[in-house]
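start-v1.csv (CSV, C-alpha atoms and all ligand atoms)
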chain,number,residue,atom,x,y,z
A,1,MET,CA,-15.9,-25.9,9.6
A,2,THR,CA,-17.0,-22.6,8.0
A,3,LEU,CA,-17.7,-22.8,4.3
A,4,ALA,CA,-16.1,-20.2,2.2
A,5,GLU,CA,-18.5,-18.1,0.1
A,6,LEU,CA,-18.1,-16.8,-3.4
A,7,ASP,CA,-20.3,-14.0,-4.8
A,8,LEU,CA,-21.1,-13.9,-8.5
A,9,THR,CA,-22.1,-10.3,-9.3
A,10,GLY,CA,-22.2,-7.8,-12.1
A,11,ASP,CA,-24.2,-7.9,-15.4
A,12,LEU,CA,-26.1,-11.1,-14.4
A,13,ALA,CA,-29.8,-11.8,-14.4
A,14,ARG,CA,-29.3,-14.2,-11.4
A,15,PRO,CA,-26.4,-13.0,-9.1
A,16,VAL,CA,-25.7,-15.7,-6.6
A,17,ARG,CA,-23.6,-16.6,-3.6
A,18,LEU,CA,-22.0,-20.1,-3.9
A,19,THR,CA,-20.1,-22.4,-1.6
A,20,VAL,CA,-17.9,-25.3,-2.7
A,21,PRO,CA,-20.7,-27.8,-2.0
A,22,ASP,CA,-23.0,-25.7,-4.3
A,23,LEU,CA,-20.4,-25.9,-7.0
A,24,LEU,CA,-20.7,-29.7,-7.0
A,25,ARG,CA,-24.2,-29.3,-8.7
A,26,TRP,CA,-22.5,-28.7,-12.1
A,27,PRO,CA,-20.7,-31.4,-14.1
A,28,GLN,CA,-17.3,-32.0,-12.6
A,29,HIS,CA,-14.1,-32.1,-14.6
A,30,ARG,CA,-10.6,-33.2,-13.6
A,31,VAL,CA,-7.3,-31.8,-15.0
A,32,ASP,CA,-3.6,-32.1,-14.3
A,33,VAL,CA,-1.9,-28.7,-14.7
A,34,SER,CA,1.7,-27.6,-14.6
A,35,PHE,CA,2.5,-24.0,-14.2
A,36,ASP,CA,5.6,-21.9,-13.7
A,37,CYS,CA,5.8,-19.5,-10.7
A,38,ALA,CA,8.2,-16.6,-11.0
A,39,THR,CA,9.3,-17.2,-7.3
A,40,SER,CA,8.9,-20.9,-6.6
A,41,GLY,CA,9.4,-22.6,-10.1
A,42,ILE,CA,7.4,-25.3,-11.7
A,43,GLN,CA,4.4,-26.7,-9.9
A,44,HIS,CA,2.2,-29.7,-10.8
A,45,HIS,CA,-1.4,-30.1,-9.4
A,46,ARG,CA,-4.5,-32.1,-10.0
A,47,PHE,CA,-7.7,-30.1,-9.8
A,48,ALA,CA,-11.4,-31.0,-10.0
A,49,GLY,CA,-14.4,-28.8,-10.3
A,50,PRO,CA,-17.0,-27.3,-12.6
A,51,ARG,CA,-16.3,-25.3,-15.7
A,52,LEU,CA,-16.3,-21.5,-15.0
A,53,TYR,CA,-18.3,-21.1,-18.2
A,54,ASP,CA,-21.1,-23.5,-17.1
A,55,VAL,CA,-21.5,-21.7,-13.7
A,56,LEU,CA,-21.5,-18.2,-15.2
A,57,VAL,CA,-23.9,-19.1,-18.0
A,58,ASP,CA,-26.4,-20.3,-15.4
A,59,ALA,CA,-26.2,-16.9,-13.6
A,60,GLY,CA,-27.6,-15.3,-16.8
A,61,PRO,CA,-24.9,-12.9,-18.2
A,62,GLY,CA,-26.5,-9.8,-19.7
A,63,PHE,CA,-25.8,-10.4,-23.4
A,64,ASP,CA,-28.0,-11.7,-26.2
A,65,PRO,CA,-26.8,-15.3,-26.4
A,66,ALA,CA,-27.7,-15.5,-30.1
A,67,ARG,CA,-25.3,-12.7,-31.0
A,68,ARG,CA,-21.7,-13.7,-30.8
A,69,LYS,CA,-20.4,-10.1,-31.2
A,70,ASP,CA,-22.4,-9.0,-28.2
A,71,ARG,CA,-20.4,-11.3,-25.9
A,72,LEU,CA,-17.0,-9.9,-26.9
A,73,ARG,CA,-17.2,-6.8,-24.6
A,74,PHE,CA,-17.7,-8.9,-21.4
A,75,LEU,CA,-14.9,-9.4,-19.0
A,76,ILE,CA,-14.7,-11.6,-15.9
A,77,ALA,CA,-12.9,-10.1,-12.9
A,78,VAL,CA,-11.8,-12.7,-10.2
A,79,THR,CA,-10.8,-11.7,-6.7
A,80,GLY,CA,-9.1,-13.9,-4.1
A,81,THR,CA,-9.4,-13.6,-0.3
A,82,ASP,CA,-6.1,-11.7,-0.1
A,83,GLY,CA,-7.1,-9.2,-2.8
A,84,HIS,CA,-5.2,-10.9,-5.6
A,85,HIS,CA,-7.1,-9.9,-8.7
A,86,ALA,CA,-7.1,-10.8,-12.4
A,87,VAL,CA,-9.4,-10.6,-15.4
A,88,LEU,CA,-10.4,-13.0,-18.1
A,89,SER,CA,-12.3,-12.0,-21.2
A,90,TRP,CA,-15.6,-13.8,-21.9
A,91,ALA,CA,-14.3,-14.9,-25.3
A,92,GLU,CA,-11.5,-16.7,-23.5
A,93,ILE,CA,-13.9,-19.3,-22.1
A,94,ASP,CA,-16.7,-19.1,-24.7
A,95,PRO,CA,-16.9,-22.3,-26.9
A,96,ASP,CA,-17.5,-20.1,-30.0
A,97,PHE,CA,-14.1,-18.4,-29.3
A,98,ALA,CA,-11.0,-19.6,-27.4
A,99,ASP,CA,-13.0,-22.2,-25.5
A,100,ALA,CA,-10.3,-22.5,-22.7
A,101,PRO,CA,-11.3,-25.2,-20.2
A,102,VAL,CA,-11.1,-23.0,-17.2
A,103,LEU,CA,-12.3,-24.6,-14.0
A,104,LEU,CA,-13.5,-23.4,-10.6
A,105,GLY,CA,-11.3,-25.9,-8.7
A,106,VAL,CA,-13.1,-27.4,-5.6
A,107,ARG,CA,-10.3,-29.9,-4.9
A,108,ILE,CA,-6.5,-29.5,-5.3
A,109,ASP,CA,-4.5,-32.7,-5.1
A,110,ASP,CA,-7.3,-34.5,-3.3
A,111,THR,CA,-7.7,-31.8,-0.7
A,112,PRO,CA,-11.2,-30.3,-0.7
A,113,LEU,CA,-11.4,-26.5,-0.9
A,114,ASP,CA,-14.6,-26.1,1.1
A,115,ALA,CA,-13.0,-23.9,3.8
A,116,ALA,CA,-10.4,-22.2,1.7
A,117,GLY,CA,-12.7,-21.4,-1.2
A,118,PRO,CA,-12.4,-22.4,-4.9
A,119,GLN,CA,-9.3,-21.8,-7.0
A,120,LEU,CA,-9.2,-20.7,-10.6
A,121,VAL,CA,-7.7,-23.3,-12.8
A,122,LEU,CA,-6.4,-22.3,-16.3
A,123,PRO,CA,-4.7,-25.2,-18.0
A,124,GLN,CA,-3.8,-22.9,-20.9
A,125,ASP,CA,-1.7,-20.5,-18.7
A,126,ARG,CA,2.1,-21.1,-18.6
A,127,CYS,CA,2.5,-18.9,-15.5
A,128,GLY,CA,0.7,-19.7,-12.3
A,129,ALA,CA,-0.3,-16.2,-11.3
A,130,ARG,CA,-3.9,-16.3,-12.5
A,131,HIS,CA,-4.6,-19.6,-10.6
A,132,ILE,CA,-6.3,-17.4,-7.9
A,133,SER,CA,-6.9,-19.3,-4.7
A,134,GLY,CA,-9.6,-18.5,-2.1
A,135,ILE,CA,-11.9,-16.9,-4.7
A,136,THR,CA,-14.4,-14.6,-2.9
A,137,ALA,CA,-15.9,-12.7,-5.8
A,138,ILE,CA,-16.3,-13.0,-9.6
A,139,ARG,CA,-17.7,-10.0,-11.4
A,140,VAL,CA,-19.0,-10.2,-14.9
A,141,ASP,CA,-18.9,-6.8,-16.6
A,142,GLY,CA,-20.1,-5.7,-20.0
A,143,ALA,CA,-20.8,-2.1,-19.1
A,144,TYR,CA,-17.4,-0.6,-18.4
A,145,ARG,CA,-16.5,2.3,-20.6
A,146,CYS,CA,-13.9,1.7,-23.3
A,147,GLY,CA,-13.3,4.8,-25.2
A,148,ALA,CA,-16.9,5.7,-26.0
A,149,PRO,CA,-17.7,9.4,-25.6
A,150,ALA,CA,-19.1,10.2,-22.2
A,151,PRO,CA,-22.8,10.9,-22.2
A,152,THR,CA,-23.5,14.7,-21.9
A,153,THR,CA,-24.9,15.7,-18.5
A,154,PRO,CA,-26.5,19.2,-18.3
A,155,GLY,CA,-24.0,21.6,-16.9
A,156,HIS,CA,-21.0,19.5,-17.9
A,157,ALA,CA,-19.0,19.7,-21.0
A,158,ALA,CA,-18.6,16.5,-23.0
A,159,ALA,CA,-15.2,15.0,-22.7
A,160,ALA,CA,-12.9,16.0,-25.5
A,161,PRO,CA,-12.2,13.1,-27.9
A,162,ARG,CA,-8.7,11.6,-27.4
B,1,LIG,N1,-5.3,-15.5,-3.7
B,1,LIG,C1,-4.1,-15.7,-4.4
B,1,LIG,N2,-4.0,-16.6,-5.3
B,1,LIG,C2,-2.8,-16.8,-5.9
B,1,LIG,C3,-1.7,-16.0,-5.6
B,1,LIG,C4,-1.9,-15.0,-4.6
B,1,LIG,O1,-0.9,-14.2,-4.3
B,1,LIG,N3,-3.1,-14.9,-4.0
B,1,LIG,N4,-0.5,-16.2,-6.3
B,1,LIG,C5,-0.6,-16.8,-7.6
B,1,LIG,C6,0.7,-17.3,-8.1
B,1,LIG,S1,1.9,-16.1,-8.4
B,1,LIG,C7,1.0,-18.6,-8.3
B,1,LIG,S2,2.4,-19.1,-9.0
B,1,LIG,C8,0.0,-19.7,-7.9
B,1,LIG,C9,0.6,-20.7,-7.0
B,1,LIG,O2,1.1,-20.0,-5.9
B,1,LIG,P1,1.4,-20.8,-4.5
B,1,LIG,O3,2.6,-21.6,-4.8
B,1,LIG,O4,1.7,-19.7,-3.6
B,1,LIG,O5,0.2,-21.6,-4.2
B,1,LIG,O6,-1.1,-19.1,-7.2
B,1,LIG,C10,-1.6,-17.9,-7.7
B,1,LIG,N5,-2.8,-17.7,-6.9
B,2,MO,MO,3.8,-17.2,-9.0

Render the structure in this file as structure tokens.
Amino acid sequence: MTLAELDLTGDLARPVRLTVPDLLRWPQHRVDVSFDCATSGIQHHRFAGPRLYDVLVDAGPGFDPARRKDRLRFLIAVTGTDGHHAVLSWAEIDPDFADAPVLLGVRIDDTPLDAAGPQLVLPQDRCGARHISGITAIRVDGAYRCGAPAPTTPGHAAAAPR
């Protein structure tokens, strides 16, 4: 069996490639979730896996951990094997803010996800669409531009304020 691989990249001191067996090194949590799918209706699943927060903190996100406000600009972009893509905000999973118990599921209904890759588990979501399966990449990003004026480059005019 080939193990699926997940890349943690972005503003991280220790970017890393992880398999499902690697994800067993963190404390494991179990949760029963129900979510509604716009096409197939209500689904119930039992997931197990580490907290996304624990795994990302160990990769060393590039903020000052002592400054709560510094964390608020970070987002977490999650991509599945088929290109399905969604973002979370750092504050969504941070214990000082919304503290959502988001897991990286390594088992669904007692089926291991070693070959398929981990699945995002968001017990707080009513809709199933962010339960991204076959996660191949998670990018932590605190450096995207959000309305700040563009730095002036010689020979280029600064962007007009909007
Ligand atoms: N990789 C990936 N994950 C995905 C999706 C997808 O299209 N690709 N669909 C989402 C949607 S819309 C739902 S409702 C849940 C459950 O979908 P399923 O019944 O197809 O498993 O998975 C989510 N995870
Ligand atoms: Mo869905």

Legend entry - Surroundings of ligand LIG 1 (chain B) up to 6 Å, based on all atoms listed in the file, as a ChimeraX atom specification: /A:37,80-82,84,128-134

Inset, instruction - Using only C-alpha atoms and all ligand atoms, find the one residue out of A:Pro123, A:Gly41, A:Gly10, A:Pro21 that sits nearest to ligand MO 2 (chain B). - result: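 Among the listed residues, A:Gly41 lies closest to ligand MO 2 (chain B).
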
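Within 8 Å of stretch 86-88 of chain A, once all atoms listed in the file are used and residues closer than 5 positions along the same chain are dropped, the contacting residues are Leu75, Ile76, Ala77, Val78, Thr79 and Arg130 of chain A.
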
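Pairwise distance (atom CA of A:Leu120, atom CA of A:Leu103) equals 6.0 Å.
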
Legend entry - Distance criterion (all atoms listed in the file): nearest to ligand MO 2 (chain B) out of A:Ile42, A:Ala91, A:Val31, A:Leu24: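 When distances to ligand MO 2 (chain B) are compared using all atoms listed in the file, the smallest one comes from A:Ile42.
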
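Atom pair atom CA of A:Phe47 / atom CA of A:Gly60: separated by 25.8 Å.
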
Inset, instruction - Select, from A:Leu72, A:Leu104, A:Val33, A:Ala59, the residue with the minimum atom-to-atom distance to A:Asp125, counting all atoms listed in the file. - result: A:Val33

Inset, instruction - Could you give me, as a VMD selection string, the residues within 12 Å of A:Phe97, counting all atoms listed in the file and dropping anything in the same chain fewer than 5 positions from it? - result: chain A and resid 68 to 69 71 to 72 89 to 92

Legend entry - Long-range neighbours of stretch 61-64 of chain A as a ChimeraX atom specification, 12 Å cut-off, all atoms listed in the file, 3 positions minimum in chain: /A:8-16,53-58,67-76,90,139-143

Restricted to C-alpha atoms, what would the selected residues look like written as a PDB file, keeping the file's coordinate frame?
ATOM      1  CA  LEU A   8     -21.100 -13.900  -8.500  1.00  0.00           C
ATOM      2  CA  THR A   9     -22.100 -10.300  -9.300  1.00  0.00           C
ATOM      3  CA  GLY A  10     -22.200  -7.800 -12.100  1.00  0.00           C
ATOM      4  CA  ASP A  11     -24.200  -7.900 -15.400  1.00  0.00           C
ATOM      5  CA  LEU A  12     -26.100 -11.100 -14.400  1.00  0.00           C
ATOM      6  CA  ALA A  13     -29.800 -11.800 -14.400  1.00  0.00           C
ATOM      7  CA  ARG A  14     -29.300 -14.200 -11.400  1.00  0.00           C
ATOM      8  CA  PRO A  15     -26.400 -13.000  -9.100  1.00  0.00           C
ATOM      9  CA  VAL A  16     -25.700 -15.700  -6.600  1.00  0.00           C
ATOM     10  CA  TYR A  53     -18.300 -21.100 -18.200  1.00  0.00           C
ATOM     11  CA  ASP A  54     -21.100 -23.500 -17.100  1.00  0.00           C
ATOM     12  CA  VAL A  55     -21.500 -21.700 -13.700  1.00  0.00           C
ATOM     13  CA  LEU A  56     -21.500 -18.200 -15.200  1.00  0.00           C
ATOM     14  CA  VAL A  57     -23.900 -19.100 -18.000  1.00  0.00           C
ATOM     15  CA  ASP A  58     -26.400 -20.300 -15.400  1.00  0.00           C
ATOM     16  CA  ARG A  67     -25.300 -12.700 -31.000  1.00  0.00           C
ATOM     17  CA  ARG A  68     -21.700 -13.700 -30.800  1.00  0.00           C
ATOM     18  CA  LYS A  69     -20.400 -10.100 -31.200  1.00  0.00           C
ATOM     19  CA  ASP A  70     -22.400  -9.000 -28.200  1.00  0.00           C
ATOM     20  CA  ARG A  71     -20.400 -11.300 -25.900  1.00  0.00           C
ATOM     21  CA  LEU A  72     -17.000  -9.900 -26.900  1.00  0.00           C
ATOM     22  CA  ARG A  73     -17.200  -6.800 -24.600  1.00  0.00           C
ATOM     23  CA  PHE A  74     -17.700  -8.900 -21.400  1.00  0.00           C
ATOM     24  CA  LEU A  75     -14.900  -9.400 -19.000  1.00  0.00           C
ATOM     25  CA  ILE A  76     -14.700 -11.600 -15.900  1.00  0.00           C
ATOM     26  CA  TRP A  90     -15.600 -13.800 -21.900  1.00  0.00           C
ATOM     27  CA  ARG A 139     -17.700 -10.000 -11.400  1.00  0.00           C
ATOM     28  CA  VAL A 140     -19.000 -10.200 -14.900  1.00  0.00           C
ATOM     29  CA  ASP A 141     -18.900  -6.800 -16.600  1.00  0.00           C
ATOM     30  CA  GLY A 142     -20.100  -5.700 -20.000  1.00  0.00           C
ATOM     31  CA  ALA A 143     -20.800  -2.100 -19.100  1.00  0.00           C
TER      32      ALA A 143
END

Inset, instruction - For each of A:Leu6, A:Ala66, A:Ala38, A:Val121, take the minimum atom-to-atom distance to ligand MO 2 (chain B), counting only C-alpha atoms and all ligand atoms, then give the residue where this is smallest. - result: A:Ala38

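Coordinates place atom CA of A:Val102 at a distance of 22.5 Å from atom CA of A:Leu3.
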
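Compared by their closest atoms to ligand MO 2 (chain B), and using all atoms listed in the file, the residues A:Arg51, A:Gln124, A:Phe35, A:Pro101 rank with A:Phe35 nearest.
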
Legend entry - Residue nearest ligand MO 2 (chain B) among A:Gln28, A:Ala115, A:Ser34, A:Met1 (counting all atoms listed in the file):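 With all atoms listed in the file as the atom set, the closest residue is A:Ser34.
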
Could I get stretch 21-101 of chain A from the block written as a compact mmCIF listing (two decimals), in the first residue's frame, with C-alpha atoms?
# COMPACT_ATOMS: atom_id res chain seq x y z
CA PRO A 21 1.18 7.05 10.53
CA ASP A 22 3.13 10.27 11.29
CA LEU A 23 -0.11 11.94 12.44
CA LEU A 24 -0.53 9.25 15.12
CA ARG A 25 2.35 10.91 17.07
CA TRP A 26 0.00 13.64 18.34
CA PRO A 27 -2.76 13.05 20.95
CA GLN A 28 -5.71 11.37 19.21
CA HIS A 29 -9.28 12.59 19.56
CA ARG A 30 -12.54 10.96 18.51
CA VAL A 31 -15.67 12.75 17.42
CA ASP A 32 -19.08 11.89 16.00
CA VAL A 33 -20.13 14.44 13.40
CA SER A 34 -23.30 15.03 11.43
CA PHE A 35 -23.28 17.29 8.42
CA ASP A 36 -25.62 18.19 5.66
CA CYS A 37 -24.58 17.78 2.03
CA ALA A 38 -26.35 19.90 -0.55
CA THR A 39 -26.51 16.91 -2.92
CA SER A 40 -26.70 13.80 -0.70
CA GLY A 41 -28.39 15.02 2.51
CA ILE A 42 -27.46 14.36 6.14
CA GLN A 43 -24.41 12.17 6.83
CA HIS A 44 -23.12 10.82 10.15
CA HIS A 45 -19.50 9.77 10.63
CA ARG A 46 -17.14 8.89 13.44
CA PHE A 47 -13.64 10.33 12.97
CA ALA A 48 -10.40 9.98 14.90
CA GLY A 49 -7.19 11.96 14.59
CA PRO A 50 -5.02 14.75 15.98
CA ARG A 51 -6.14 18.33 16.37
CA LEU A 52 -5.18 20.47 13.38
CA TYR A 53 -4.06 23.12 15.89
CA ASP A 54 -1.56 20.78 17.60
CA VAL A 55 -0.01 19.68 14.30
CA LEU A 56 0.30 23.23 12.94
CA VAL A 57 1.74 24.69 16.16
CA ASP A 58 4.53 22.09 16.05
CA ALA A 59 5.41 23.26 12.53
CA GLY A 60 6.21 26.72 13.96
CA PRO A 61 3.80 29.26 12.45
CA GLY A 62 5.52 32.61 11.84
CA PHE A 63 3.79 34.74 14.44
CA ASP A 64 4.82 35.91 17.90
CA PRO A 65 2.91 33.42 20.12
CA ALA A 66 2.79 35.95 22.95
CA ARG A 67 0.87 38.46 20.85
CA ARG A 68 -2.72 37.43 20.22
CA LYS A 69 -3.35 40.15 17.67
CA ASP A 70 -0.44 38.92 15.54
CA ARG A 71 -2.20 35.59 14.94
CA LEU A 72 -5.38 37.11 13.51
CA ARG A 73 -3.98 37.71 10.05
CA PHE A 74 -3.06 34.04 9.47
CA LEU A 75 -5.14 31.80 7.30
CA ILE A 76 -4.97 28.07 6.72
CA ALA A 77 -5.60 26.87 3.14
CA VAL A 78 -6.44 23.18 2.79
CA THR A 79 -6.32 21.30 -0.54
CA GLY A 80 -7.64 17.83 -1.35
CA THR A 81 -6.33 15.40 -3.91
CA ASP A 82 -9.00 16.44 -6.46
CA GLY A 83 -8.22 20.15 -6.00
CA HIS A 84 -11.15 20.83 -3.66
CA HIS A 85 -9.91 23.78 -1.62
CA ALA A 86 -11.10 25.76 1.40
CA VAL A 87 -9.65 28.13 3.98
CA LEU A 88 -9.92 28.46 7.73
CA SER A 89 -8.74 31.42 9.74
CA TRP A 90 -6.13 30.78 12.40
CA ALA A 91 -8.47 32.34 14.99
CA GLU A 92 -11.05 29.64 14.20
CA ILE A 93 -8.86 26.92 15.75
CA ASP A 94 -6.89 29.02 18.27
CA PRO A 95 -7.84 28.31 21.94
CA ASP A 96 -7.73 32.08 22.66
CA PHE A 97 -10.38 32.70 19.99
CA ALA A 98 -13.06 30.36 18.56
CA ASP A 99 -11.23 27.18 19.67
CA ALA A 100 -13.04 24.94 17.16
CA PRO A 101 -12.05 21.29 17.70
